[in-house]
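See structure below.
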Amino acid sequence: MRANPDARGLLQIAASTFRADVLPHVAPEARFAALMVANALEIAERELKGLDTAGHSMLAALALLYGEDADDGLSGDDLRKRVEALQHRLCIEIAAGDFDQEGQDVLMDSLEAIVQARLGISNPKALGQQ
Amino acid sequence: MHVVKASDQSTPSLLSGDNRVRLENWLAAQAGASRVVVTEDGRLGGGAISLNLAVTLDIDGGPLAGRHACVLRAEGGGRISASIGKLREFVVLRAAFAGGVSAPEPLFACDDPAVLGHDFYIMRRAEGLGAGHAVTRSEAAQPELARELGRQLGLLHRITPETEGLERLGDAPECPAQETLAQYRRWFGDLGRRDPVIAWGLRWMEVNAPLPGAVVLCHRDFRTGNYLVKDGALTAILDWEFAGFSDPMEDLGWFCARSWRFRRPDREAGGIADRADFYAGYEETSGRRVDPLRVAYWETAAYLRWAAIAVEQGLRHSSGAEPSLELALTGRMLPEIEMDMLRHLRSIGGMATGAVEKVA
């Protein structure tokens, strides 16, 4: 049974209300803490909304290296476990030196796409920087 | 260190009750004074790890008689792996100050838990603006500031492991790159087998590790945000709690890392100027040339170090040891730090770093 609005809906409206109606009136000595609160609410909101999307982006990124293991049909815990398993496999291969000589371009593309997917949740503003 | 914040009324002050009296008596004995009065001027920022308290000392009698604006820096609740402890920090500060580095003059250090319960030391208080966003706000580049920071780092790097008084810091590493890598592996632990970006960074460091060269006293957190500026000029270099012996190029790589450029990622020397300005100042005083390939190696190391610290800060919160929104959000900075590392690796072109002699 799901209440309406759900957690995601509540966080969304709490975050936007906090930024629009509370933050401008916060005393200077509390401003840093208030900005952190706004930031944390927004990260949580993006995570609730976009975790599966990020998971699929990471799976697609790993598919650059392991095409046969990508699966668009996964969601939730199954998706998370698949991403974790492939990331673990990649870590082992990296540590074993499999990318020391060749394959670095594909690896770098894959790693960048993985990080971009996570940045989309934790700090989308950092995506555009150089 | 730069922002005086209103004291948090819910936290009992380090100097409340008997603590102040004990501190005053202890200081009087240390200073050879007839009496010392300590006035608390508020908590200072920059205290994610240490506790920084602005204090004024009124000293009657003895060689330090007079009024002194100071900072009392105490061990905070959450010392992290990279920290060296307050007494070692004091020793480092003393060596740096004696070597002519613009560091706050260290005055007293105490390891007697009967005084305040924690190790602490007292240094003179420097004036100026420290916050990275404020320092990098200037429309025009600040080449003279970058050059001066280079000169200061050069002076620091003239201090070697043989320098008297630094025994407390322990032995100098035989191969800074390999010892750093081993330390990072310990810090990351299991994450190096779960996060392929960290795994790649560690592998890159292993394959590209440079042969050992000079080993000097490094600040290890020498960056925009950890020095004070007044009217555009440097007044003090702060936050010595990670100092140790290492490859001098480690400090240059850390200073230039993207993580500390704040508003100006295009200004590669700490968000304030070009690398050339910073490097030129360094070469004026250090007695050595900057090795850009080694700096690039240590810049990769810088991202991994910052990533390890961020992860540890996040865990301090998540473990329940020290619930804090600031620590929690630091933990969530990992992807940003990793992206900076990948941008750096792209910019220097993959595994082969060229002419530097390697261990592997």
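Residues in the structure tokens are numbered from 1 in each chain, the chains being A, B, ... in the order shown, and ligands are numbered from 1 in the order shown.
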
Could you find all residues in segment 1-56 of chain A that DSSP calls alpha helix (DSSP H) from the backbone, and write them as JSON, numbers by chain?
-> {"A": [7, 8, 9, 10, 11, 12, 13, 14, 15, 16, 17, 28, 29, 30, 31, 32, 33, 34, 35, 36, 37, 38, 39, 40, 41, 42, 43, 44, 45, 46, 47, 48, 49, 50, 51, 52, 53, 54, 55, 56]}

Using only C-alpha atoms, find each residue in chain B having at least one atom no more than 7 Å away from chain A; report its shortest atom-to-atom pair and that distance in Å (one decimal), rows by chain then rising number, as a tab-separated table.
```
residue	atom	partner	partner_atom	distance
B:Lys5	CA	A:Glu29	CA	6.5
B:Ala6	CA	A:Glu29	CA	6.8
B:Arg193	CA	A:Cys91	CA	5.2
B:Arg194	CA	A:His88	CA	4.9
B:Asp195	CA	A:Gln87	CA	6.4
B:Pro196	CA	A:Cys91	CA	4.9
B:Val197	CA	A:Leu111	CA	6.2
B:Ala199	CA	A:Cys91	CA	5.5
B:Trp200	CA	A:Ile94	CA	6.1
B:Arg203	CA	A:Ala95	CA	6.0
B:Arg332	CA	A:Ser122	CA	6.3
B:Pro335	CA	A:Leu119	CA	5.7
B:Glu336	CA	A:Leu119	CA	6.5
B:Met339	CA	A:Val115	CA	6.3
B:Leu342	CA	A:Glu112	CA	7.0
```

Of B:Glu241, B:Gly213, B:Glu127, B:Cys175, the one sitting nearest Ala74 of chain B when using only C-alpha atoms is B:Glu241

Near segment 260-265 of chain B, counting only C-alpha atoms, which residues have an atom at most 10 Å away, once you skip same-chain residues fewer than 2 positions from it, shown as a PyMOL selection string?
-> (chain A and resi 129-130) or (chain B and resi 131-139+141+222-226+254-258+267-273)

Measure the distance from atom CA of Ile84 of chain B to atom CA of Phe120 of chain B in Å and round it to one decimal.
->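 Going from atom CA of Ile84 of chain B over to atom CA of Phe120 of chain B, I get 12.5 Å.
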
For atom CA of Asp266 of chain B and atom CA of Cys218 of chain B, quote the distance in Å rounded to one decimal.
->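 Value for the atom CA of Asp266 of chain B-atom CA of Cys218 of chain B distance: 25.5 Å.
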
Polymer residues at most 10 Å from Asp77 of chain A, only C-alpha atoms, same-chain spacing of 5 or more positions, as a list of chain:residue names |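 My list of contacting residues is A:Asp52, A:Arg82, A:Val83.
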